[in-house]
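> One file: work31.txt (compact mmCIF, C-alpha atoms and all ligand atoms).
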```
# COMPACT_ATOMS: atom_id res chain seq x y z
CA MET A 1 -73.48 -128.50 56.86
CA ASP A 2 -72.15 -125.99 59.44
CA LYS A 3 -74.02 -126.66 62.67
CA GLU A 4 -72.23 -123.98 64.65
CA TYR A 5 -74.65 -121.70 66.47
CA HIS A 6 -74.08 -117.93 66.15
CA PRO A 7 -76.32 -116.10 68.67
CA GLY A 8 -78.17 -113.28 66.93
CA LEU A 9 -76.82 -114.71 63.65
CA ALA A 10 -73.91 -112.28 64.15
CA GLY A 11 -71.84 -112.20 60.98
CA VAL A 12 -73.89 -114.94 59.27
CA PRO A 13 -74.97 -113.84 55.76
CA ALA A 14 -78.75 -114.16 55.42
CA THR A 15 -78.90 -113.16 51.77
CA GLU A 16 -76.97 -111.85 48.76
CA SER A 17 -77.84 -108.24 48.04
CA SER A 18 -76.71 -105.34 45.88
CA ILE A 19 -78.74 -102.68 47.70
CA SER A 20 -76.37 -101.38 50.39
CA PHE A 21 -72.92 -101.96 51.89
CA ILE A 22 -71.30 -101.28 55.26
CA ASP A 23 -67.64 -101.31 56.25
CA GLY A 24 -68.04 -101.27 60.04
CA GLU A 25 -64.33 -100.74 60.79
CA ALA A 26 -63.90 -97.80 58.42
CA GLY A 27 -67.37 -96.33 59.10
CA ILE A 28 -68.51 -96.51 55.47
CA LEU A 29 -72.12 -96.84 54.31
CA GLU A 30 -73.10 -96.98 50.64
CA TYR A 31 -76.47 -97.28 48.90
CA ARG A 32 -76.08 -98.96 45.49
CA GLY A 33 -72.40 -97.98 45.58
CA TYR A 34 -72.98 -94.31 46.43
CA ARG A 35 -71.46 -93.04 49.69
CA ILE A 36 -74.09 -91.92 52.20
CA GLU A 37 -72.33 -88.54 52.61
CA THR A 38 -72.64 -87.92 48.85
CA LEU A 39 -76.36 -88.72 48.87
CA ALA A 40 -76.93 -86.59 51.99
CA GLU A 41 -75.25 -83.67 50.26
CA HIS A 42 -76.70 -83.94 46.76
CA SER A 43 -79.79 -86.16 46.73
CA THR A 44 -83.37 -86.01 48.04
CA PHE A 45 -85.33 -88.72 49.83
CA GLU A 46 -87.46 -89.39 46.73
CA GLU A 47 -84.40 -89.69 44.50
CA THR A 48 -82.66 -91.95 47.05
CA ALA A 49 -85.77 -94.14 47.34
CA TRP A 50 -85.78 -94.50 43.54
CA LEU A 51 -82.07 -95.37 43.60
CA LEU A 52 -82.64 -98.07 46.22
CA LEU A 53 -85.63 -99.49 44.36
CA HIS A 54 -84.25 -99.37 40.82
CA GLY A 55 -80.50 -99.71 41.35
CA LYS A 56 -79.62 -96.49 39.51
CA LEU A 57 -80.23 -92.77 39.85
CA PRO A 58 -83.36 -91.58 38.02
CA THR A 59 -83.37 -89.27 35.01
CA THR A 60 -85.19 -85.95 35.36
CA SER A 61 -88.37 -87.35 33.83
CA GLU A 62 -88.24 -90.58 35.88
CA LEU A 63 -87.87 -88.59 39.10
CA GLN A 64 -90.59 -86.15 38.08
CA GLY A 65 -92.94 -89.04 37.26
CA PHE A 66 -92.14 -90.80 40.55
CA ARG A 67 -92.78 -87.65 42.60
CA GLU A 68 -96.06 -87.02 40.79
CA ARG A 69 -97.21 -90.60 41.39
CA LEU A 70 -96.35 -90.33 45.08
CA GLN A 71 -98.21 -87.03 45.42
CA LYS A 72 -101.26 -88.33 43.54
CA GLU A 73 -101.33 -91.48 45.63
CA ARG A 74 -100.99 -89.51 48.88
CA ALA A 75 -103.90 -87.29 47.95
CA SER A 76 -106.20 -90.14 46.94
CA LEU A 77 -105.94 -92.46 49.95
CA PRO A 78 -109.42 -93.63 51.00
CA SER A 79 -110.98 -91.49 53.73
CA GLU A 80 -112.05 -94.68 55.60
CA LEU A 81 -108.36 -95.59 55.88
CA ILE A 82 -107.51 -92.16 57.31
CA GLN A 83 -110.41 -92.48 59.78
CA PHE A 84 -109.22 -95.93 60.75
CA ALA A 85 -105.65 -94.69 61.38
CA GLY A 86 -107.13 -91.97 63.60
CA SER A 87 -109.35 -94.35 65.55
CA PHE A 88 -106.73 -96.18 67.63
CA PRO A 89 -106.51 -95.59 71.40
CA LYS A 90 -104.95 -92.17 71.92
CA THR A 91 -102.59 -93.59 74.55
CA GLY A 92 -101.28 -96.25 72.17
CA HIS A 93 -97.75 -96.00 70.79
CA PRO A 94 -97.58 -94.53 67.26
CA MET A 95 -95.44 -97.49 66.12
CA ALA A 96 -98.27 -99.88 67.03
CA ALA A 97 -100.65 -97.59 65.14
CA LEU A 98 -98.31 -97.57 62.13
CA GLN A 99 -97.93 -101.34 62.12
CA ALA A 100 -101.71 -101.77 62.17
CA SER A 101 -102.24 -99.01 59.59
CA LEU A 102 -99.79 -100.56 57.12
CA ALA A 103 -101.58 -103.91 57.38
CA THR A 104 -104.91 -102.11 56.93
CA LEU A 105 -103.60 -100.24 53.89
CA GLY A 106 -103.28 -103.69 52.32
CA MET A 107 -106.98 -104.34 52.97
CA PHE A 108 -107.81 -101.19 51.02
CA SER A 109 -105.49 -102.14 48.15
CA GLU A 110 -105.22 -104.48 45.19
CA MET A 111 -102.83 -107.31 45.99
CA PRO A 112 -99.96 -107.13 43.52
CA ASP A 113 -98.71 -110.13 41.59
CA PHE A 114 -95.00 -109.86 42.37
CA HIS A 115 -94.15 -111.28 38.91
CA ASN A 116 -95.82 -108.20 37.42
CA ALA A 117 -93.47 -105.17 37.50
CA GLU A 118 -96.24 -102.61 37.04
CA GLN A 119 -98.38 -104.00 39.85
CA SER A 120 -95.35 -104.28 42.14
CA GLU A 121 -94.38 -100.66 41.42
CA ALA A 122 -97.94 -99.50 42.13
CA ALA A 123 -97.90 -101.18 45.55
CA ILE A 124 -94.45 -99.71 46.30
CA VAL A 125 -95.61 -96.19 45.44
CA ARG A 126 -98.76 -96.66 47.52
CA ILE A 127 -96.83 -97.75 50.63
CA LEU A 128 -94.20 -94.99 50.32
CA ALA A 129 -96.92 -92.39 49.79
CA ALA A 130 -99.23 -93.59 52.54
CA THR A 131 -96.75 -94.09 55.39
CA PRO A 132 -96.30 -90.39 56.35
CA VAL A 133 -100.04 -89.77 55.98
CA LEU A 134 -100.92 -92.70 58.26
CA ILE A 135 -98.45 -91.55 60.93
CA ALA A 136 -99.82 -87.98 60.77
CA ALA A 137 -103.46 -89.15 60.81
CA PHE A 138 -102.91 -90.99 64.11
CA ASP A 139 -100.85 -88.17 65.61
CA ARG A 140 -103.38 -85.43 64.79
CA SER A 141 -106.29 -87.50 66.02
CA ARG A 142 -104.69 -88.41 69.37
CA ARG A 143 -104.04 -84.71 69.97
CA GLY A 144 -107.72 -83.96 69.25
CA LEU A 145 -106.79 -82.07 66.05
CA GLU A 146 -108.36 -82.22 62.59
CA PHE A 147 -106.56 -84.28 59.95
CA VAL A 148 -104.50 -82.07 57.62
CA ALA A 149 -104.82 -83.32 54.03
CA PRO A 150 -101.51 -83.89 52.21
CA ASP A 151 -100.36 -80.86 50.23
CA GLU A 152 -99.87 -81.96 46.63
CA ASP A 153 -96.97 -79.54 46.12
CA LEU A 154 -94.85 -80.95 48.92
CA ASP A 155 -92.53 -83.94 48.95
CA THR A 156 -92.36 -86.61 51.69
CA ALA A 157 -90.38 -84.63 54.30
CA ALA A 158 -92.00 -81.20 53.91
CA GLY A 159 -95.44 -82.80 53.47
CA PHE A 160 -95.05 -84.79 56.70
CA LEU A 161 -94.06 -81.69 58.70
CA ALA A 162 -96.99 -79.78 57.21
CA MET A 163 -99.40 -82.58 58.15
CA ILE A 164 -98.28 -82.92 61.78
CA ASN A 165 -97.71 -79.23 62.50
CA GLY A 166 -100.61 -77.84 60.45
CA GLU A 167 -98.45 -75.34 58.54
CA ARG A 168 -95.91 -75.37 55.71
CA PRO A 169 -92.44 -75.89 57.21
CA ASP A 170 -89.50 -73.56 57.06
CA GLU A 171 -87.27 -74.53 54.10
CA LEU A 172 -84.31 -75.49 56.29
CA PHE A 173 -86.55 -77.69 58.50
CA ALA A 174 -87.85 -79.49 55.41
CA ARG A 175 -84.37 -79.99 53.97
CA ILE A 176 -83.03 -81.29 57.29
CA LEU A 177 -85.81 -83.85 57.64
CA ASP A 178 -85.28 -84.82 53.99
CA VAL A 179 -81.59 -85.53 54.70
CA ALA A 180 -82.50 -87.45 57.87
CA LEU A 181 -84.82 -89.62 55.75
CA ILE A 182 -81.99 -90.27 53.26
CA LEU A 183 -79.74 -91.36 56.16
CA HIS A 184 -82.38 -93.78 57.52
CA ALA A 185 -83.64 -95.24 54.23
CA GLU A 186 -81.59 -98.45 54.16
CA HIS A 187 -79.00 -100.32 56.19
CA THR A 188 -78.16 -103.85 54.96
CA MET A 189 -79.41 -106.81 57.01
CA ASN A 190 -80.63 -105.08 60.18
CA ALA A 191 -83.31 -106.79 62.31
CA SER A 192 -86.35 -105.19 60.66
CA THR A 193 -85.05 -105.67 57.10
CA PHE A 194 -84.32 -109.28 57.96
CA ALA A 195 -87.91 -109.56 59.27
CA ALA A 196 -89.06 -108.02 55.97
CA ILE A 197 -87.27 -110.57 53.78
CA VAL A 198 -88.36 -113.49 55.95
CA VAL A 199 -92.00 -112.43 55.56
CA ALA A 200 -91.45 -111.68 51.85
CA SER A 201 -90.04 -115.17 51.36
CA THR A 202 -93.43 -116.66 52.26
CA GLU A 203 -94.84 -114.66 49.29
CA ALA A 204 -96.85 -112.47 51.67
CA ASP A 205 -97.91 -109.16 50.10
CA PRO A 206 -95.70 -106.03 50.51
CA TYR A 207 -98.19 -104.38 52.92
CA THR A 208 -97.78 -107.31 55.29
CA VAL A 209 -94.01 -107.27 54.71
CA CYS A 210 -93.75 -103.58 55.72
CA SER A 211 -96.16 -103.96 58.63
CA SER A 212 -94.13 -106.90 60.00
CA ALA A 213 -90.86 -105.02 59.52
CA ALA A 214 -92.32 -102.01 61.37
CA GLY A 215 -93.03 -104.34 64.30
CA ALA A 216 -89.39 -105.41 64.38
CA LEU A 217 -88.22 -101.78 64.15
CA THR A 218 -90.19 -100.87 67.29
CA GLY A 219 -87.86 -102.44 69.89
CA PRO A 220 -85.36 -100.39 71.91
CA LEU A 221 -82.37 -102.34 70.57
CA HIS A 222 -83.32 -101.21 67.04
CA GLY A 223 -85.37 -98.18 65.89
CA GLY A 224 -86.95 -97.64 69.29
CA ALA A 225 -83.59 -96.41 70.63
CA ASN A 226 -84.03 -92.89 69.23
CA GLU A 227 -86.89 -91.86 71.48
CA ARG A 228 -85.14 -93.41 74.49
CA VAL A 229 -82.03 -91.31 73.80
CA LEU A 230 -84.05 -88.13 74.24
CA ILE A 231 -85.67 -89.47 77.41
CA ALA A 232 -82.17 -90.26 78.78
CA LEU A 233 -80.77 -86.81 77.87
CA ASN A 234 -83.70 -85.18 79.68
CA ASP A 235 -83.19 -87.53 82.61
CA ILE A 236 -79.49 -86.57 82.94
CA GLY A 237 -80.51 -82.94 83.37
CA GLY A 238 -77.19 -81.15 82.65
CA ALA A 239 -73.76 -81.66 81.05
CA ASP A 240 -72.07 -81.55 84.48
CA LYS A 241 -74.21 -84.48 85.64
CA VAL A 242 -73.08 -86.79 82.80
CA PRO A 243 -70.13 -88.52 84.59
CA ALA A 244 -72.24 -89.52 87.64
CA TRP A 245 -75.19 -90.65 85.46
CA PHE A 246 -72.93 -92.73 83.24
CA ALA A 247 -71.01 -94.25 86.19
CA LYS A 248 -74.35 -95.49 87.59
CA LYS A 249 -75.31 -97.01 84.22
CA LEU A 250 -71.95 -98.74 84.00
CA ALA A 251 -72.18 -100.04 87.58
CA ASN A 252 -75.68 -101.42 86.89
CA LYS A 253 -74.46 -102.97 83.59
CA GLN A 254 -77.11 -101.01 81.69
CA LYS A 255 -76.71 -100.04 78.06
CA VAL A 256 -76.69 -96.41 77.00
CA MET A 257 -79.22 -95.93 74.23
CA GLY A 258 -77.85 -94.48 70.99
CA PHE A 259 -74.47 -96.19 71.41
CA GLY A 260 -73.04 -99.41 70.02
CA HIS A 261 -73.74 -101.33 66.87
CA ARG A 262 -73.50 -104.90 65.68
CA VAL A 263 -71.53 -103.85 62.59
CA TYR A 264 -69.95 -100.42 63.26
CA LYS A 265 -66.97 -100.44 65.57
CA THR A 266 -66.41 -96.73 65.07
CA LYS A 267 -68.75 -93.72 64.99
CA ASP A 268 -71.68 -94.45 62.67
CA PRO A 269 -71.27 -92.25 59.54
CA ARG A 270 -74.96 -91.33 59.86
CA ALA A 271 -74.29 -89.98 63.38
CA HIS A 272 -71.58 -87.71 61.86
CA ASN A 273 -74.10 -86.47 59.29
CA LEU A 274 -76.87 -85.96 61.84
CA GLN A 275 -74.50 -84.07 64.13
CA ALA A 276 -73.61 -81.76 61.22
CA LEU A 277 -77.35 -81.20 60.59
CA THR A 278 -77.85 -80.41 64.28
CA ARG A 279 -75.16 -77.74 64.11
CA GLU A 280 -76.70 -76.24 60.94
CA LEU A 281 -80.13 -76.17 62.55
CA PHE A 282 -78.88 -74.62 65.77
CA ALA A 283 -76.87 -71.95 63.91
CA LYS A 284 -80.15 -70.61 62.52
CA HIS A 285 -82.71 -71.50 65.18
CA GLY A 286 -80.72 -71.59 68.44
CA SER A 287 -79.29 -74.55 70.33
CA THR A 288 -80.94 -76.70 73.00
CA PRO A 289 -79.33 -77.65 76.33
CA LEU A 290 -79.80 -81.30 75.31
CA TYR A 291 -77.10 -80.93 72.66
CA ASP A 292 -74.46 -79.98 75.25
CA ILE A 293 -75.49 -82.97 77.35
CA ALA A 294 -75.24 -85.21 74.27
CA VAL A 295 -71.71 -83.98 73.44
CA SER A 296 -70.58 -84.62 77.04
CA LEU A 297 -72.23 -88.04 77.05
CA GLU A 298 -70.50 -89.00 73.80
CA ALA A 299 -67.10 -88.01 75.29
CA GLU A 300 -67.79 -89.97 78.49
CA VAL A 301 -69.02 -93.13 76.76
CA VAL A 302 -66.19 -93.13 74.21
CA LYS A 303 -63.61 -92.54 76.98
CA HIS A 304 -64.78 -95.68 78.84
CA LEU A 305 -66.16 -97.91 76.08
CA GLY A 306 -64.49 -96.69 72.87
CA GLY A 307 -61.90 -99.45 73.27
CA LYS A 308 -64.76 -101.97 72.95
CA GLY A 309 -65.95 -100.31 69.74
CA ILE A 310 -68.88 -98.51 71.41
CA TYR A 311 -69.54 -95.19 69.64
CA PRO A 312 -72.66 -93.14 68.81
CA ASN A 313 -75.02 -94.78 66.31
CA VAL A 314 -77.67 -93.22 64.05
CA ASP A 315 -80.16 -92.89 66.90
CA PHE A 316 -77.95 -90.71 69.07
CA PHE A 317 -78.41 -87.35 67.35
CA SER A 318 -81.62 -87.94 65.39
CA GLY A 319 -83.93 -87.20 68.34
CA ILE A 320 -82.25 -83.86 69.03
CA VAL A 321 -82.82 -82.89 65.39
CA TYR A 322 -86.43 -84.12 65.33
CA GLN A 323 -87.32 -82.33 68.55
CA LYS A 324 -86.14 -79.03 67.06
CA LEU A 325 -88.35 -79.71 64.00
CA GLY A 326 -91.42 -79.94 66.27
CA ILE A 327 -91.75 -83.73 66.12
CA ALA A 328 -93.04 -85.43 69.29
CA THR A 329 -90.61 -87.86 70.99
CA ASP A 330 -92.76 -90.95 70.39
CA LEU A 331 -92.91 -90.12 66.65
CA PHE A 332 -89.13 -90.50 66.24
CA THR A 333 -89.35 -94.22 65.48
CA PRO A 334 -92.27 -93.77 63.05
CA VAL A 335 -90.17 -91.14 61.22
CA PHE A 336 -87.39 -93.76 61.01
CA ALA A 337 -89.97 -96.20 59.57
CA MET A 338 -91.18 -93.59 57.06
CA ALA A 339 -87.67 -93.61 55.56
CA ARG A 340 -86.89 -97.29 56.01
CA VAL A 341 -89.93 -98.52 54.06
CA ALA A 342 -87.89 -97.56 50.98
CA GLY A 343 -85.25 -100.10 52.06
CA TYR A 344 -87.83 -102.75 52.99
CA LEU A 345 -89.46 -102.43 49.58
CA ALA A 346 -86.13 -102.58 47.73
CA HIS A 347 -85.39 -105.80 49.63
CA TRP A 348 -88.90 -107.11 48.90
CA LYS A 349 -88.23 -106.63 45.17
CA GLU A 350 -84.80 -108.24 45.40
CA GLN A 351 -86.15 -111.17 47.43
CA MET A 352 -89.02 -111.81 45.02
CA ALA A 353 -86.67 -111.73 42.02
CA ASN A 354 -84.85 -114.74 43.46
CA ASN A 355 -86.96 -116.14 46.24
CA ARG A 356 -86.44 -119.13 48.46
CA LEU A 357 -88.51 -119.60 51.61
CA PHE A 358 -86.54 -118.88 54.80
CA ARG A 359 -86.52 -121.96 56.96
CA PRO A 360 -83.36 -122.01 59.07
CA GLY A 361 -82.36 -124.88 61.33
CA GLN A 362 -81.83 -124.95 65.07
CA ILE A 363 -79.69 -126.82 67.55
CA TYR A 364 -82.13 -128.83 69.65
CA LYS A 365 -81.41 -128.76 73.39
CA GLY A 366 -84.51 -130.59 74.70
CA GLY A 367 -85.24 -134.20 75.65
CA HIS A 368 -86.49 -137.21 73.62
CA ASP A 369 -89.09 -139.95 74.01
CA THR A 370 -90.49 -138.36 77.17
CA ALA A 371 -93.13 -140.50 78.88
CA TYR A 372 -96.58 -138.87 79.07
CA GLU A 373 -97.57 -138.41 82.71
CA PRO A 374 -101.36 -138.39 83.29
CA ILE A 375 -102.43 -135.02 84.73
CA ALA A 376 -103.54 -136.53 88.03
CA ASN A 377 -99.98 -137.82 88.67
CA ARG A 378 -98.04 -134.60 87.89
N1 LIG B 1 -73.96 -99.14 76.20
C1 LIG B 1 -73.09 -99.80 77.01
N2 LIG B 1 -72.51 -100.95 76.67
C2 LIG B 1 -72.79 -101.47 75.48
C3 LIG B 1 -73.67 -100.84 74.59
C4 LIG B 1 -74.25 -99.63 74.97
N3 LIG B 1 -75.11 -98.98 74.19
N4 LIG B 1 -73.77 -101.59 73.47
C5 LIG B 1 -73.00 -102.66 73.66
N5 LIG B 1 -72.40 -102.59 74.87
C6 LIG B 1 -71.49 -103.58 75.47
C7 LIG B 1 -72.28 -104.74 76.05
O1 LIG B 1 -72.65 -104.51 77.37
C8 LIG B 1 -71.32 -105.88 75.86
O2 LIG B 1 -70.35 -105.79 76.88
P1 LIG B 1 -69.69 -107.13 77.50
O3 LIG B 1 -68.96 -107.77 76.36
O4 LIG B 1 -68.77 -106.61 78.57
O5 LIG B 1 -70.82 -107.95 78.03
C9 LIG B 1 -70.61 -105.55 74.56
O6 LIG B 1 -70.70 -104.13 74.42
C10 LIG B 1 -71.26 -106.20 73.34
O7 LIG B 1 -72.65 -105.89 73.38
P2 LIG B 1 -73.79 -106.74 72.65
O8 LIG B 1 -75.10 -106.25 73.11
O9 LIG B 1 -73.49 -108.19 72.79
O10 LIG B 1 -73.48 -106.34 71.15
P3 LIG B 1 -74.47 -106.44 69.96
O11 LIG B 1 -73.67 -106.45 68.73
O12 LIG B 1 -75.43 -107.56 70.17
O13 LIG B 1 -75.26 -105.08 70.18
C11 LIG B 1 -76.71 -103.30 69.93
C12 LIG B 1 -75.60 -104.16 69.27
C13 LIG B 1 -77.09 -102.17 69.00
C14 LIG B 1 -77.91 -104.18 70.23
C15 LIG B 1 -76.14 -102.71 71.28
O14 LIG B 1 -74.99 -101.95 71.03
C16 LIG B 1 -77.18 -101.90 72.03
O15 LIG B 1 -78.05 -102.48 72.71
N6 LIG B 1 -77.15 -100.53 71.90
C17 LIG B 1 -78.12 -99.70 72.56
C18 LIG B 1 -79.42 -99.63 71.76
C19 LIG B 1 -79.27 -98.82 70.49
O16 LIG B 1 -78.78 -97.71 70.49
N7 LIG B 1 -79.78 -99.38 69.41
C20 LIG B 1 -79.78 -98.76 68.11
C21 LIG B 1 -78.85 -99.45 67.18
S1 LIG B 1 -78.71 -98.56 65.65
```
I'd like the structure from this file rewritten - as structure tokens, please.
Ligand code: COA


Amino acid sequence: MDKEYHPGLAGVPATESSISFIDGEAGILEYRGYRIETLAEHSTFEETAWLLLHGKLPTTSELQGFRERLQKERASLPSELIQFAGSFPKTGHPMAALQASLATLGMFSEMPDFHNAEQSEAAIVRILAATPVLIAAFDRSRRGLEFVAPDEDLDTAAGFLAMINGERPDELFARILDVALILHAEHTMNASTFAAIVVASTEADPYTVCSSAAGALTGPLHGGANERVLIALNDIGGADKVPAWFAKKLANKQKVMGFGHRVYKTKDPRAHNLQALTRELFAKHGSTPLYDIAVSLEAEVVKHLGGKGIYPNVDFFSGIVYQKLGIATDLFTPVFAMARVAGYLAHWKEQMANNRLFRPGQIYKGGHDTAYEPIANR
């Protein structure tokens, strides 16, 4: 057996999967064989979630049925659960609230038998439906605002904006968030999806799987990068200040959030899509100075680090888009999670269809047969 150690398991296959595919050199991302650009142009988040979960695009009646189930489920979540999601410390991070809320959703739910397709589907629909509601319940409560009940006519993206902002969103805003959710829904064996399949492999329930994956998504090297990008752009303070800011980062050997990727060695295709959305949004609603700073920062980073394969990743432009949609900076990662649960659940299904407990090895670097020293002699 290969005993070579690969830090971060870089390049080591952890599973066989037919859910998504990345060509990191060419900048290609596909979900079930469909190019991400095609889905961003033609699909919706609900349809893409179905595609990820079922391996094929839905028919009109399948999609209609799925949307109705999601809307019904969203509207019938127990009020105690909503109260619970709104009861966390107001100063807590919304990702911690989401992680706890997803685990709690499990306590309010029937545990599915993963051998039973109907029960598994019911749990999947419940998690997809509840995630935006749980994020909004915490956000409204911490701002001292009343909970806004989900609008049964709205899909995931528009419904989320309506719940956090207290009014039906502009059509372009809703469409742009919908596309952003498509772009974030799945991404092969990233850290949080890996966490999801490891937890799934123990036969833990899908609520626990998604809660654990949300924990892994929180860190700044993964989903947590998006809110830090916006903080950095604000910190820079102007496009003319980019070179000096970046030179300092480089001198201090600090990473620039929103750049670099374990797999992509060119610009992340999702960053291209998000940048196009930013331009569309700004053409109608006016630009923000942060965009000019972002464009200068991209040029500066690529000039110095492009040779090392460091280019903008998905998190670089998403925050600029979300800010324009009225989403608070610390909700950027929860919005990422709201999309990515579709991927986690597709992987949960795939894992359970052919499960084997994850139990990797290690290369032991410690001692052996150490003599026990009584405490008085240490
Ligand atoms: N800014 C500056 N330098 C970076 C960088 C960044 N964002 N990302 C990687 N590098 C450099 C490292 O300093 C390292 O340089 P060295 O070889 O001279 O020491 C080299 O590129 C390899 O970096 P490493 O962290 O080992 O690569 P990885 O494959 O483990 O990293 C990430 C992938 C995503 C963890 C990394 O690019 C990163 O931390 N990016 C910032 C956080 C982020 O945006 N995360 C969201 C990812 S979608």

> Excluding same-chain residues fewer than 5 positions from Gly86 (chain A), what lies within 9 Å of it counting only C-alpha atoms, as a ChimeraX atom specification?

/A:81,97,134,136-142,147

> At a cut-off of 8 Å around ligand LIG 1 (chain B), and using only C-alpha atoms and all ligand atoms, what residues come up? Please write them as a ChimeraX atom specification.

/A:8,10,220-226,229,250,253-263,301,305,308-310,312-316

> Go through A:Ile363, A:Ala213, A:Leu230, A:Leu128 one by one, measure the shortest atom-to-atom distance of each to Met189 (chain A) using only C-alpha atoms, and give the residue with the smallest value.

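Comparing A:Ile363, A:Ala213, A:Leu230, A:Leu128 against Met189 (chain A), the winner is A:Ala213.
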
> Between A:His187, A:Lys303, A:Arg340, A:Arg69, which residue has the minimum interatomic distance to Gly24 (chain A), considering all atoms listed in the file?

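Comparing A:His187, A:Lys303, A:Arg340, A:Arg69 against Gly24 (chain A), the winner is A:His187.
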
> Can you measure CA of Phe194 (chain A) to CA of Thr266 (chain A) for me? One decimal in Å is fine.

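For CA of Phe194 (chain A) relative to CA of Thr266 (chain A), the distance reads 23.0 Å.
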
> Would you mind listing what lies within 10 Å of Phe108 (chain A) as number ranges by chain, with only C-alpha atoms counted and same-chain residues fewer than 5 positions away left out?

A: 77-78, 80-81, 103

> Using all atoms listed in the file, which residue out of A:Phe317, A:Tyr34, A:Phe282, A:Phe358 lies closest to Leu51 (chain A)?

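So, comparing all the options, the nearest one is A:Tyr34.
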
> In Å, how far is it from CA of Met111 (chain A) to CA of Asp205 (chain A)?

6.7 Å

> Measure the distance from CA of Tyr31 (chain A) to CA of Gly55 (chain A) in Å and round it to one decimal.

8.9 Å

> Under the rule that all atoms listed in the file are counted, which of A:Thr59, A:Lys349, A:Ala49, A:Val12 is the nearest residue to Val209 (chain A)?

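For Val209 (chain A), the nearest of the candidates is A:Lys349.
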
> Skip region 234-244 of chain A itself and residues of its chain fewer than 4 positions away, then list as an NGL selection string all residues within 12 Å of it, counting only C-alpha atoms.

:A and (227-230 or 248-251 or 256 or 288-301 or 303-304 or 319-320 or 329)

> I need the chosen residues saved as an mmCIF file, in the coordinates of the input, with C-alpha atoms.


```cif
data_model
loop_
_atom_site.group_PDB
_atom_site.id
_atom_site.type_symbol
_atom_site.label_atom_id
_atom_site.label_comp_id
_atom_site.auth_asym_id
_atom_site.auth_seq_id
_atom_site.Cartn_x
_atom_site.Cartn_y
_atom_site.Cartn_z
ATOM 1 C CA GLU A 227 -86.890 -91.860 71.480
ATOM 2 C CA ARG A 228 -85.140 -93.410 74.490
ATOM 3 C CA VAL A 229 -82.030 -91.310 73.800
ATOM 4 C CA LEU A 230 -84.050 -88.130 74.240
ATOM 5 C CA LYS A 248 -74.350 -95.490 87.590
ATOM 6 C CA LYS A 249 -75.310 -97.010 84.220
ATOM 7 C CA LEU A 250 -71.950 -98.740 84.000
ATOM 8 C CA ALA A 251 -72.180 -100.040 87.580
ATOM 9 C CA VAL A 256 -76.690 -96.410 77.000
ATOM 10 C CA THR A 288 -80.940 -76.700 73.000
ATOM 11 C CA PRO A 289 -79.330 -77.650 76.330
ATOM 12 C CA LEU A 290 -79.800 -81.300 75.310
ATOM 13 C CA TYR A 291 -77.100 -80.930 72.660
ATOM 14 C CA ASP A 292 -74.460 -79.980 75.250
ATOM 15 C CA ILE A 293 -75.490 -82.970 77.350
ATOM 16 C CA ALA A 294 -75.240 -85.210 74.270
ATOM 17 C CA VAL A 295 -71.710 -83.980 73.440
ATOM 18 C CA SER A 296 -70.580 -84.620 77.040
ATOM 19 C CA LEU A 297 -72.230 -88.040 77.050
ATOM 20 C CA GLU A 298 -70.500 -89.000 73.800
ATOM 21 C CA ALA A 299 -67.100 -88.010 75.290
ATOM 22 C CA GLU A 300 -67.790 -89.970 78.490
ATOM 23 C CA VAL A 301 -69.020 -93.130 76.760
ATOM 24 C CA LYS A 303 -63.610 -92.540 76.980
ATOM 25 C CA HIS A 304 -64.780 -95.680 78.840
ATOM 26 C CA GLY A 319 -83.930 -87.200 68.340
ATOM 27 C CA ILE A 320 -82.250 -83.860 69.030
ATOM 28 C CA THR A 329 -90.610 -87.860 70.990
#
```

> Nearest to Thr38 (chain A) among A:Ile124, A:Leu183, A:Leu145, A:Ala26, with distances taken over all atoms listed in the file: which residue is it?

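Among the listed residues, the smallest separation from Thr38 (chain A) belongs to A:Leu183.
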
> Excluding same-chain residues fewer than 4 positions from Ser211 (chain A), what lies within 7 Å of it counting all atoms listed in the file, as a list in words?

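The residues that qualify are Gln99, Ala100, Leu102, Ala103, Tyr207 and Gly215 of chain A.
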
> Determine the nearest neighbour of Ala204 (chain A) from the options A:Gly106, A:Asn252, A:Ser76, A:Gly367, counting only C-alpha atoms.

A:Gly106

> With only C-alpha atoms counted, which protein, DNA or RNA residues have an atom no more than 9 Å from (-96.0, -98.1, 48.4) in the file frame? Please answer as a list of chain:residue names.

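Using only C-alpha atoms, the matching residues come out as A:Leu70, A:Glu73, A:Ser120, A:Glu121, A:Ala122, A:Ala123, A:Ile124, A:Val125, A:Arg126, A:Ile127, A:Leu128, A:Ala129, A:Ala130, A:Thr131, A:Pro206, A:Tyr207, A:Val341, A:Ala342, A:Leu345.
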